[in-house]
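**Q** Before I ask anything, here is the structure I am working with.
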Amino acid sequence: MTKFDKAKLPSRHVTEGPARAPHRSYYYAMGMSEEEIHQPLIGVATCWNEAAPCNIALNRQAQSVKMGVKYASGTPREFTTITVTDGIAMGHEGMRSSLASREAIADTVELTMRGHCYDALVGLAGCDKSLPGMMMAMVRLNVPSVFLYGGSILPGRLDGKDVTVQDVFEAVGQNQAGNLSECELEKLEKVACPSAGACGGQFTANTMACVSEAIGLALMNSSGAPAPYESRDQYAEASGSAVMNLLEKGIRARDVVTRKSLENAARVVACTGGSTNAGLHLPAIAHEAGIEFFLDDVCDIFKDTPYFVDLKPGGQFVAKDLYEVGGVPVVMKELRKAGLIHEECMTADGITMGEALDKITREADGRVIYPVDKPLSKTGGVVGLKGNLAPAGAIVKVAGMSEEQQVFTGPARVFECEEDAFAAVQERAYEEGEVIVIRNEGPAGGPGMREMLATTAALSGQGMGKKVALITDGRFSGATRGFCVGHVGPEAAHGGPIALLQNGDVITIDAIKGAISVDLSDEELTKRKESWPGPRETIYASGALWKYAQLVGETYKGAVTHPGGGKERHVYADI
């Protein structure tokens, strides 16, 4: 006898009854016992690969997840999916694959789960798009699900200071400016990334790792420990046991991911000065559940959430430091004191967020996590912008910037792609006080909505990060700093106003008021639209990127590629 009745579980289609004898023979071929075959089958999906340090520790952690599943009377079935690691894809054509990989991850996890009729899912991810991609699959399938982050990299040390890969990107700019020798650059590159794990600052991976806890899909505090720590294996084992508890209680991914839990997640992004990419990924996760939670909604929450966690790139500390002072649970406890958390939301522990936070005894340390009533600034580290230059919205990270630095007016210097802009920055072919415009880098027009870290880091390295502004219909890395506006929509390929800009047009960005405008009349914009030659042709006329460009929707809705939960006619978990 098993602990679970499989009569309503998807795996009954591959394990139960005389007609499934051929299927069972395959399971026997893999060394499974009769008891294991008739237990619930639990997908353990990892993004393990040798592409980057972010993913290299996931294989070890997956084995611990499987032990946890086994202890709780489940049968784990491990499988892998792809990742595209932004740090290595950055600054060249490879970055076009990054955002598209998020959809591929969600799609491949869905197809594996569907094809083999697995009953629940533990998903492990380490890098950038793999985190939202895995969470999107969980919500799309609506099976009991637990997410586990692979953990962050340890900081490197040079000359008595912590260093990260962000320092290396910025050092490239310093080297180009003649302020850093190649020998010094080489010393830095060899020590900046000393271990397995994802980038250590509050860049995209750590931002979405914090989201996984705040949204309820991950066990409390599971995102914090660095990848090399053996203690991660205990969180992995607990995650395997937790998914069996959710299966027993009938708690599914959409019972956890609700409008209110998405708001909790956005709060945590804001108060930690997280990556602007959350403004893309939260709407995409919501879309899988059929919830309309767009960039505007995310930015409204950012607007009235204090910023009180001092993390890089705007602040001083890295993920390991946050973990050592109590991690995301202490951050959420501070938000609760200000009445900014929905406590009734369900978590991966099978208890409510309020019940989970009641167990947290640690308090804000005042160095990494400030008390919520004594924040670094009164509004979130990320701000939404709207205006005649971005009718569908845009987003900017202001964490670490003073109020005076959050208003900028200057003439446009327009580039048709990132390479042109990067070359101009290298040659210093721009002027202080200008607004650098990089267009044709949106989801459809890129294709792939590349991140601009190479360009922004070079500007910072030249000491010009605060002397120019930059706007794009593409994205920025979570490691970007300076006055950099991304996600400008509609994108150039869809005929948005960014496509109509000319050199010298005066642009005003006001992050305090949430406005972005160009000093042109509606009549002038209409006239330019009429003579606009249409979207720029790309070299991607077939293959995955062509397919992505055809399907991808608007940035403010999450740049998604299918109709989502609002249009579905069945839920996988009910097959």
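Note on naming: chains are A, B, ... as they come in the structure tokens, residues start from 1 per chain, ligands start from 1 in the order shown.
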Name the residues in contact with Thr15 (chain A) at a cut-off of 10 Å, using only C-alpha atoms, excluding same-chain residues fewer than 5 positions from it; report them as number ranges by chain.
**A** A: 6, 10, 20-25, 27, 34, 37-41, 117
**Q** Could you go through region 245-447 of chain A and tell me which residues DSSP, when run on the backbone, assigns to strand (DSSP E or B), listing them as JSON, numbers by chain?
**A** {"A": [307, 309, 311, 317, 346, 352, 369, 377, 382, 383, 384, 385, 386, 387, 390, 391, 392, 393, 394, 395, 396, 397, 407, 408, 409, 410, 411, 412, 413, 414, 415, 435, 436, 437, 438]}
**Q** As a PyMOL selection string, which residues of region 305-405 of chain A does DSSP assign to helix (DSSP H, G or I)?
**A** chain A and resi 319-324+327-337+353-358+404-405
**Q** Need the shell around Met95 (chain A): protein/DNA/RNA residues with any atom at most 6 Å away, counting only C-alpha atoms. Skip same-chain ones fewer than 4 positions apart. Format as a ChimeraX atom specification?
**A** /A:89-90,450
**Q** Go through region 183-220 of chain A and flag each residue having an atom no more than 10 Å from region 148-152 of chain A; for those, report the closest pair of atoms plus their distance in Å to one decimal, using only C-alpha atoms, ordered by chain and rising number, as a tab-separated table.
**A**
```
residue	atom	partner	partner_atom	distance
A:Ser195	CA	A:Ser152	CA	9.0
A:Ala196	CA	A:Ser152	CA	7.6
A:Gly197	CA	A:Ser152	CA	4.3
A:Ala198	CA	A:Ser152	CA	4.4
A:Cys199	CA	A:Ser152	CA	6.0
A:Gly200	CA	A:Ser152	CA	5.3
A:Gly201	CA	A:Ser152	CA	8.6
A:Ala205	CA	A:Ser152	CA	8.3
A:Asn206	CA	A:Ser152	CA	7.2
A:Met208	CA	A:Tyr149	CA	9.0
A:Ala209	CA	A:Tyr149	CA	6.0
A:Cys210	CA	A:Tyr149	CA	9.2
A:Ser212	CA	A:Leu148	CA	8.0
A:Glu213	CA	A:Leu148	CA	9.2
A:Leu217	CA	A:Leu148	CA	8.4
A:Ala218	CA	A:Leu148	CA	6.0
A:Leu219	CA	A:Leu148	CA	7.8
```
**Q** Determine, using only C-alpha atoms, which residues of region 125-167 of chain A have any atom at most 10 Å from an atom of region 274-280 of chain A, and tabulate each with its shortest atom pair and distance in Å to one decimal place, rows ordered by chain and then rising number, as a tab-separated table.
**A**
```
residue	atom	partner	partner_atom	distance
A:Asp128	CA	A:Asn277	CA	9.2
A:Lys129	CA	A:Asn277	CA	9.4
A:Pro132	CA	A:Ala278	CA	9.0
```
**Q** Let me see the file: selected residues, all heavy atoms, as an mmCIF file, in the first residue's frame.
**A**
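Done, and the output landed in part_9.cif:
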```cif
data_model
loop_
_atom_site.group_PDB
_atom_site.id
_atom_site.type_symbol
_atom_site.label_atom_id
_atom_site.label_comp_id
_atom_site.auth_asym_id
_atom_site.auth_seq_id
_atom_site.Cartn_x
_atom_site.Cartn_y
_atom_site.Cartn_z
ATOM 1 N N ASP A 128 20.071 33.877 -13.842
ATOM 2 C CA ASP A 128 19.311 34.811 -14.663
ATOM 3 C C ASP A 128 17.947 34.280 -15.096
ATOM 4 O O ASP A 128 17.077 34.095 -14.285
ATOM 5 C CB ASP A 128 20.169 35.241 -15.862
ATOM 6 C CG ASP A 128 21.443 35.947 -15.390
ATOM 7 O OD1 ASP A 128 21.330 36.898 -14.613
ATOM 8 O OD2 ASP A 128 22.547 35.519 -15.765
ATOM 9 N N LYS A 129 17.780 33.988 -16.389
ATOM 10 C CA LYS A 129 16.460 33.624 -16.919
ATOM 11 C C LYS A 129 15.985 32.256 -16.475
ATOM 12 O O LYS A 129 14.810 31.919 -16.615
ATOM 13 C CB LYS A 129 16.455 33.682 -18.455
ATOM 14 C CG LYS A 129 16.993 34.974 -19.038
ATOM 15 C CD LYS A 129 16.306 36.196 -18.477
ATOM 16 C CE LYS A 129 17.096 37.446 -18.749
ATOM 17 N NZ LYS A 129 18.407 37.525 -18.093
ATOM 18 N N PRO A 132 13.148 32.647 -13.406
ATOM 19 C CA PRO A 132 11.758 32.869 -13.809
ATOM 20 C C PRO A 132 11.246 31.788 -14.745
ATOM 21 O O PRO A 132 10.068 31.407 -14.672
ATOM 22 C CB PRO A 132 11.796 34.233 -14.499
ATOM 23 C CG PRO A 132 13.218 34.463 -14.868
ATOM 24 C CD PRO A 132 14.016 33.763 -13.794
#
```
**Q** Within 12 Å of Val414 (chain A), counting only C-alpha atoms, which residues show up once you throw out same-chain ones fewer than 5 positions away? Write them as a PDB file with N, CA, C and O atoms, in the first residue's frame, please.
**A**
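Output saved as out_18.pdb:
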```
ATOM      1  N   ASP A 420      27.042  49.637 -32.005  1.00  0.00           N
ATOM      2  CA  ASP A 420      27.375  51.006 -32.428  1.00  0.00           C
ATOM      3  C   ASP A 420      27.605  51.897 -31.210  1.00  0.00           C
ATOM      4  O   ASP A 420      28.538  52.710 -31.175  1.00  0.00           O
ATOM      5  N   ALA A 421      26.750  51.711 -30.184  1.00  0.00           N
ATOM      6  CA  ALA A 421      26.880  52.532 -28.984  1.00  0.00           C
ATOM      7  C   ALA A 421      28.166  52.185 -28.230  1.00  0.00           C
ATOM      8  O   ALA A 421      28.892  53.073 -27.765  1.00  0.00           O
ATOM      9  N   ALA A 424      31.158  53.676 -29.887  1.00  0.00           N
ATOM     10  CA  ALA A 424      31.235  55.122 -29.656  1.00  0.00           C
ATOM     11  C   ALA A 424      31.736  55.423 -28.238  1.00  0.00           C
ATOM     12  O   ALA A 424      32.518  56.357 -28.025  1.00  0.00           O
ATOM     13  N   ALA A 429      33.208  58.943 -28.328  1.00  0.00           N
ATOM     14  CA  ALA A 429      32.501  59.727 -29.353  1.00  0.00           C
ATOM     15  C   ALA A 429      31.105  60.096 -28.854  1.00  0.00           C
ATOM     16  O   ALA A 429      30.084  59.809 -29.472  1.00  0.00           O
ATOM     17  N   TYR A 430      31.082  60.712 -27.695  1.00  0.00           N
ATOM     18  CA  TYR A 430      29.837  61.219 -27.113  1.00  0.00           C
ATOM     19  C   TYR A 430      30.234  62.345 -26.188  1.00  0.00           C
ATOM     20  O   TYR A 430      31.415  62.524 -25.865  1.00  0.00           O
ATOM     21  N   GLU A 434      24.759  64.249 -22.568  1.00  0.00           N
ATOM     22  CA  GLU A 434      23.880  63.679 -23.597  1.00  0.00           C
ATOM     23  C   GLU A 434      23.059  62.518 -23.050  1.00  0.00           C
ATOM     24  O   GLU A 434      23.396  61.907 -22.030  1.00  0.00           O
ATOM     25  N   VAL A 435      21.971  62.228 -23.766  1.00  0.00           N
ATOM     26  CA  VAL A 435      21.182  61.025 -23.509  1.00  0.00           C
ATOM     27  C   VAL A 435      21.486  60.049 -24.642  1.00  0.00           C
ATOM     28  O   VAL A 435      21.103  60.277 -25.792  1.00  0.00           O
ATOM     29  N   ILE A 436      22.206  58.994 -24.304  1.00  0.00           N
ATOM     30  CA  ILE A 436      22.532  57.971 -25.306  1.00  0.00           C
ATOM     31  C   ILE A 436      21.296  57.100 -25.523  1.00  0.00           C
ATOM     32  O   ILE A 436      20.703  56.589 -24.565  1.00  0.00           O
ATOM     33  N   VAL A 437      20.885  56.961 -26.775  1.00  0.00           N
ATOM     34  CA  VAL A 437      19.694  56.187 -27.132  1.00  0.00           C
ATOM     35  C   VAL A 437      20.145  54.945 -27.907  1.00  0.00           C
ATOM     36  O   VAL A 437      20.807  55.058 -28.941  1.00  0.00           O
ATOM     37  N   ILE A 438      19.812  53.772 -27.397  1.00  0.00           N
ATOM     38  CA  ILE A 438      20.081  52.525 -28.120  1.00  0.00           C
ATOM     39  C   ILE A 438      18.740  51.882 -28.450  1.00  0.00           C
ATOM     40  O   ILE A 438      17.992  51.495 -27.551  1.00  0.00           O
ATOM     41  N   ARG A 439      18.439  51.816 -29.736  1.00  0.00           N
ATOM     42  CA  ARG A 439      17.138  51.263 -30.134  1.00  0.00           C
ATOM     43  C   ARG A 439      17.311  49.997 -30.983  1.00  0.00           C
ATOM     44  O   ARG A 439      18.424  49.584 -31.277  1.00  0.00           O
ATOM     45  N   ASN A 440      16.188  49.409 -31.354  1.00  0.00           N
ATOM     46  CA  ASN A 440      16.160  48.140 -32.100  1.00  0.00           C
ATOM     47  C   ASN A 440      16.727  46.985 -31.280  1.00  0.00           C
ATOM     48  O   ASN A 440      17.230  46.011 -31.823  1.00  0.00           O
ATOM     49  N   LEU A 470      21.198  57.025 -20.350  1.00  0.00           N
ATOM     50  CA  LEU A 470      21.085  56.061 -21.441  1.00  0.00           C
ATOM     51  C   LEU A 470      19.680  55.491 -21.441  1.00  0.00           C
ATOM     52  O   LEU A 470      19.153  55.132 -20.381  1.00  0.00           O
ATOM     53  N   ILE A 471      19.055  55.449 -22.603  1.00  0.00           N
ATOM     54  CA  ILE A 471      17.723  54.831 -22.704  1.00  0.00           C
ATOM     55  C   ILE A 471      17.730  53.802 -23.829  1.00  0.00           C
ATOM     56  O   ILE A 471      18.441  53.954 -24.823  1.00  0.00           O
ATOM     57  N   THR A 472      16.940  52.748 -23.643  1.00  0.00           N
ATOM     58  CA  THR A 472      16.892  51.689 -24.653  1.00  0.00           C
ATOM     59  C   THR A 472      15.569  50.938 -24.580  1.00  0.00           C
ATOM     60  O   THR A 472      14.923  50.909 -23.527  1.00  0.00           O
ATOM     61  N   ILE A 498      10.488  55.747 -29.632  1.00  0.00           N
ATOM     62  CA  ILE A 498      11.954  55.619 -29.624  1.00  0.00           C
ATOM     63  C   ILE A 498      12.493  55.418 -31.040  1.00  0.00           C
ATOM     64  O   ILE A 498      13.627  55.788 -31.351  1.00  0.00           O
ATOM     65  N   ALA A 499      11.657  54.853 -31.924  1.00  0.00           N
ATOM     66  CA  ALA A 499      12.071  54.633 -33.320  1.00  0.00           C
ATOM     67  C   ALA A 499      12.160  55.944 -34.095  1.00  0.00           C
ATOM     68  O   ALA A 499      12.812  56.006 -35.142  1.00  0.00           O
ATOM     69  N   LEU A 500      11.514  56.988 -33.573  1.00  0.00           N
ATOM     70  CA  LEU A 500      11.385  58.246 -34.314  1.00  0.00           C
ATOM     71  C   LEU A 500      12.397  59.298 -33.867  1.00  0.00           C
ATOM     72  O   LEU A 500      12.455  60.388 -34.456  1.00  0.00           O
ATOM     73  N   LEU A 501      13.181  58.999 -32.829  1.00  0.00           N
ATOM     74  CA  LEU A 501      14.120  59.992 -32.301  1.00  0.00           C
ATOM     75  C   LEU A 501      15.243  60.306 -33.292  1.00  0.00           C
ATOM     76  O   LEU A 501      15.664  59.448 -34.072  1.00  0.00           O
ATOM     77  N   GLN A 502      15.700  61.553 -33.233  1.00  0.00           N
ATOM     78  CA  GLN A 502      16.840  61.982 -34.048  1.00  0.00           C
ATOM     79  C   GLN A 502      17.880  62.624 -33.135  1.00  0.00           C
ATOM     80  O   GLN A 502      17.550  63.110 -32.043  1.00  0.00           O
ATOM     81  N   ASN A 503      19.130  62.627 -33.598  1.00  0.00           N
ATOM     82  CA  ASN A 503      20.191  63.283 -32.821  1.00  0.00           C
ATOM     83  C   ASN A 503      19.797  64.712 -32.484  1.00  0.00           C
ATOM     84  O   ASN A 503      19.298  65.445 -33.348  1.00  0.00           O
ATOM     85  N   GLY A 504      19.990  65.084 -31.231  1.00  0.00           N
ATOM     86  CA  GLY A 504      19.714  66.462 -30.821  1.00  0.00           C
ATOM     87  C   GLY A 504      18.352  66.675 -30.213  1.00  0.00           C
ATOM     88  O   GLY A 504      18.115  67.694 -29.551  1.00  0.00           O
ATOM     89  N   ASP A 505      17.405  65.724 -30.413  1.00  0.00           N
ATOM     90  CA  ASP A 505      16.098  65.849 -29.742  1.00  0.00           C
ATOM     91  C   ASP A 505      16.326  65.916 -28.230  1.00  0.00           C
ATOM     92  O   ASP A 505      17.101  65.122 -27.678  1.00  0.00           O
ATOM     93  N   VAL A 506      15.664  66.823 -27.559  1.00  0.00           N
ATOM     94  CA  VAL A 506      15.901  67.014 -26.122  1.00  0.00           C
ATOM     95  C   VAL A 506      14.995  66.074 -25.318  1.00  0.00           C
ATOM     96  O   VAL A 506      13.759  66.125 -25.419  1.00  0.00           O
ATOM     97  N   ILE A 507      15.637  65.243 -24.521  1.00  0.00           N
ATOM     98  CA  ILE A 507      14.935  64.225 -23.725  1.00  0.00           C
ATOM     99  C   ILE A 507      15.052  64.590 -22.251  1.00  0.00           C
ATOM    100  O   ILE A 507      16.110  64.993 -21.774  1.00  0.00           O
TER     101      ILE A 507
END
```
**Q** Quick one: which region 81-196 of chain A residues come within 12 Å of region 441-447 of chain A, and what is the nearest atom pair for each with the distance in Å to one decimal, counting only C-alpha atoms, rows ordered by chain and ascending number, as JSON lines?
**A**
```
{"residue": "A:His92", "atom": "CA", "partner": "A:Gly446", "partner_atom": "CA", "distance": 11.9}
{"residue": "A:Glu93", "atom": "CA", "partner": "A:Gly446", "partner_atom": "CA", "distance": 9.8}
{"residue": "A:Gly94", "atom": "CA", "partner": "A:Pro447", "partner_atom": "CA", "distance": 11.1}
{"residue": "A:Met95", "atom": "CA", "partner": "A:Pro447", "partner_atom": "CA", "distance": 9.7}
{"residue": "A:Arg96", "atom": "CA", "partner": "A:Pro447", "partner_atom": "CA", "distance": 6.1}
{"residue": "A:Ser97", "atom": "CA", "partner": "A:Pro447", "partner_atom": "CA", "distance": 8.6}
{"residue": "A:Ser98", "atom": "CA", "partner": "A:Pro447", "partner_atom": "CA", "distance": 10.3}
{"residue": "A:Leu99", "atom": "CA", "partner": "A:Pro443", "partner_atom": "CA", "distance": 8.0}
{"residue": "A:Ala100", "atom": "CA", "partner": "A:Pro443", "partner_atom": "CA", "distance": 8.5}
```
**Q** Taking only C-alpha atoms into account, which of A:Glu416, A:Glu523, A:Asp167, A:Glu110 comes nearest Arg481 (chain A)?
**A**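 Smallest separation from Arg481 (chain A) among the options: A:Asp167.
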**Q** Looking at only C-alpha atoms, which of A:Cys417, A:Ala469, A:Ala364, A:Leu295 is the one that sits closest to Gly489 (chain A)?
**A**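 Looking at the shortest contact to Gly489 (chain A), the residue is A:Leu295.
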**Q** Write out as a PyMOL selection string which residues come within 10 Å of region 287-294 of chain A when counting only C-alpha atoms, dropping same-chain ones fewer than 3 positions away.
**A** chain A and resi 135-142+253-255+257-259+262-263+279-284+297-299+555-558+560+562-568
**Q** If you keep N, CA and C atoms, can you produce a file of those selected residues as a JSON list (two decimals), in the first residue's frame?
**A**
```json
[["chain", "number", "residue", "atom", "x", "y", "z"],
["A", 135, "MET", "N", 10.05, 28.96, -12.61],
["A", 135, "MET", "CA", 8.82, 29.33, -11.88],
["A", 135, "MET", "C", 7.62, 29.44, -12.83],
["A", 136, "MET", "N", 7.86, 29.92, -14.05],
["A", 136, "MET", "CA", 6.78, 30.00, -15.04],
["A", 136, "MET", "C", 6.25, 28.60, -15.35],
["A", 137, "ALA", "N", 7.14, 27.63, -15.48],
["A", 137, "ALA", "CA", 6.70, 26.25, -15.76],
["A", 137, "ALA", "C", 5.85, 25.71, -14.63],
["A", 138, "MET", "N", 6.23, 26.00, -13.39],
["A", 138, "MET", "CA", 5.48, 25.52, -12.23],
["A", 138, "MET", "C", 4.05, 26.05, -12.25],
["A", 139, "VAL", "N", 3.93, 27.36, -12.53],
["A", 139, "VAL", "CA", 2.60, 27.99, -12.52],
["A", 139, "VAL", "C", 1.79, 27.52, -13.72],
["A", 140, "ARG", "N", 2.44, 27.35, -14.86],
["A", 140, "ARG", "CA", 1.75, 26.87, -16.06],
["A", 140, "ARG", "C", 1.17, 25.47, -15.85],
["A", 141, "LEU", "N", 1.96, 24.59, -15.26],
["A", 141, "LEU", "CA", 1.53, 23.21, -15.04],
["A", 141, "LEU", "C", 0.54, 23.10, -13.88],
["A", 142, "ASN", "N", 0.67, 23.99, -12.92],
["A", 142, "ASN", "CA", -0.16, 24.03, -11.71],
["A", 142, "ASN", "C", -0.13, 22.72, -10.94],
["A", 253, "ALA", "N", 0.71, 25.10, -7.40],
["A", 253, "ALA", "CA", 1.46, 26.33, -7.65],
["A", 253, "ALA", "C", 0.57, 27.56, -7.69],
["A", 254, "ARG", "N", -0.63, 27.45, -8.24],
["A", 254, "ARG", "CA", -1.50, 28.64, -8.33],
["A", 254, "ARG", "C", -2.22, 28.93, -7.02],
["A", 255, "ASP", "N", -2.17, 28.01, -6.08],
["A", 255, "ASP", "CA", -2.64, 28.33, -4.72],
["A", 255, "ASP", "C", -1.61, 29.21, -4.02],
["A", 257, "VAL", "N", 0.98, 31.14, -5.97],
["A", 257, "VAL", "CA", 1.21, 32.34, -6.79],
["A", 257, "VAL", "C", -0.13, 32.99, -7.11],
["A", 258, "THR", "N", -0.42, 34.05, -6.39],
["A", 258, "THR", "CA", -1.66, 34.81, -6.54],
["A", 258, "THR", "C", -1.30, 36.27, -6.75],
["A", 259, "ARG", "N", -2.30, 37.08, -7.00],
["A", 259, "ARG", "CA", -2.05, 38.52, -7.15],
["A", 259, "ARG", "C", -1.34, 39.07, -5.90],
["A", 262, "LEU", "N", 2.34, 37.97, -5.69],
["A", 262, "LEU", "CA", 3.13, 38.73, -6.67],
["A", 262, "LEU", "C", 3.45, 40.12, -6.12],
["A", 263, "GLU", "N", 2.50, 40.70, -5.40],
["A", 263, "GLU", "CA", 2.74, 42.01, -4.77],
["A", 263, "GLU", "C", 3.81, 41.87, -3.68],
["A", 279, "GLY", "N", 10.78, 43.56, -13.42],
["A", 279, "GLY", "CA", 9.64, 44.20, -14.08],
["A", 279, "GLY", "C", 9.22, 43.47, -15.34],
["A", 280, "LEU", "N", 10.05, 42.58, -15.81],
["A", 280, "LEU", "CA", 9.75, 41.73, -16.96],
["A", 280, "LEU", "C", 9.28, 40.34, -16.51],
["A", 281, "HIS", "N", 9.93, 39.81, -15.47],
["A", 281, "HIS", "CA", 9.68, 38.43, -15.07],
["A", 281, "HIS", "C", 8.44, 38.26, -14.20],
["A", 282, "LEU", "N", 8.13, 39.21, -13.33],
["A", 282, "LEU", "CA", 6.91, 39.08, -12.51],
["A", 282, "LEU", "C", 5.65, 39.07, -13.37],
["A", 283, "PRO", "N", 5.52, 39.99, -14.36],
["A", 283, "PRO", "CA", 4.35, 39.90, -15.25],
["A", 283, "PRO", "C", 4.30, 38.57, -16.02],
["A", 284, "ALA", "N", 5.46, 38.01, -16.38],
["A", 284, "ALA", "CA", 5.49, 36.75, -17.12],
["A", 284, "ALA", "C", 5.03, 35.58, -16.25],
["A", 297, "ASP", "N", 1.79, 47.84, -12.67],
["A", 297, "ASP", "CA", 1.43, 47.33, -11.34],
["A", 297, "ASP", "C", 2.68, 47.11, -10.49],
["A", 298, "VAL", "N", 3.72, 46.56, -11.12],
["A", 298, "VAL", "CA", 4.99, 46.36, -10.42],
["A", 298, "VAL", "C", 5.54, 47.70, -9.96],
["A", 299, "CYS", "N", 5.53, 48.68, -10.86],
["A", 299, "CYS", "CA", 6.11, 49.99, -10.55],
["A", 299, "CYS", "C", 5.31, 50.75, -9.50],
["A", 555, "THR", "N", 6.61, 44.29, -24.05],
["A", 555, "THR", "CA", 7.50, 44.23, -22.90],
["A", 555, "THR", "C", 6.74, 44.42, -21.59],
["A", 556, "TYR", "N", 5.80, 45.37, -21.55],
["A", 556, "TYR", "CA", 5.14, 45.68, -20.27],
["A", 556, "TYR", "C", 4.29, 44.52, -19.77],
["A", 557, "LYS", "N", 3.96, 43.58, -20.67],
["A", 557, "LYS", "CA", 3.20, 42.40, -20.27],
["A", 557, "LYS", "C", 4.12, 41.22, -19.95],
["A", 558, "GLY", "N", 5.44, 41.45, -20.01],
["A", 558, "GLY", "CA", 6.38, 40.39, -19.66],
["A", 558, "GLY", "C", 7.09, 39.75, -20.83],
["A", 560, "VAL", "N", 6.00, 37.80, -23.31],
["A", 560, "VAL", "CA", 5.63, 36.38, -23.30],
["A", 560, "VAL", "C", 5.26, 35.93, -24.72],
["A", 562, "HIS", "N", 2.93, 33.14, -25.49],
["A", 562, "HIS", "CA", 1.72, 32.32, -25.67],
["A", 562, "HIS", "C", 0.58, 32.97, -24.89],
["A", 563, "PRO", "N", -0.67, 32.53, -25.13],
["A", 563, "PRO", "CA", -1.81, 33.24, -24.53],
["A", 563, "PRO", "C", -1.91, 33.16, -23.01],
["A", 564, "GLY", "N", -1.28, 32.16, -22.38],
["A", 564, "GLY", "CA", -1.25, 32.13, -20.92],
["A", 564, "GLY", "C", -2.46, 31.51, -20.27],
["A", 565, "GLY", "N", -2.47, 31.56, -18.94],
["A", 565, "GLY", "CA", -3.51, 30.89, -18.17],
["A", 565, "GLY", "C", -4.90, 31.40, -18.43],
["A", 566, "GLY", "N", -5.01, 32.65, -18.86],
["A", 566, "GLY", "CA", -6.33, 33.22, -19.11],
["A", 566, "GLY", "C", -7.07, 32.58, -20.27],
["A", 567, "LYS", "N", -6.33, 31.91, -21.15],
["A", 567, "LYS", "CA", -6.94, 31.31, -22.35],
["A", 567, "LYS", "C", -6.97, 29.79, -22.32],
["A", 568, "GLU", "N", -6.37, 29.18, -21.30],
["A", 568, "GLU", "CA", -6.25, 27.72, -21.33],
["A", 568, "GLU", "C", -7.61, 27.04, -21.17]]
```
**Q** So, with only C-alpha atoms as the atoms that count, which of A:Ser145, A:Arg267, A:Ser517, A:Leu551 lies closest to Asn388 (chain A)?
**A**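 Residue with the minimum atom-to-atom distance to Asn388 (chain A): A:Ser517.
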**Q** If we count only C-alpha atoms and set the cut-off at 12 Å, which residues sit around Cys484 (chain A), ignoring sequence neighbours fewer than 3 positions away in its own chain? Please answer as a count of residues only.
**A** 50
**Q** From the set A:Lys513, A:Gly43, A:Thr164, A:Ser73, which residue has the shortest atom-to-atom contact distance to Gly115 (chain A), counting only C-alpha atoms?
**A**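 Closest residue, counting only C-alpha atoms: A:Gly43.
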**Q** Which residue gives the smallest distance to Lys333 (chain A) among A:Glu237, A:Asp119, A:Asp349, A:Glu363, with only C-alpha atoms counted?
**A**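 Closest residue, counting only C-alpha atoms: A:Glu363.
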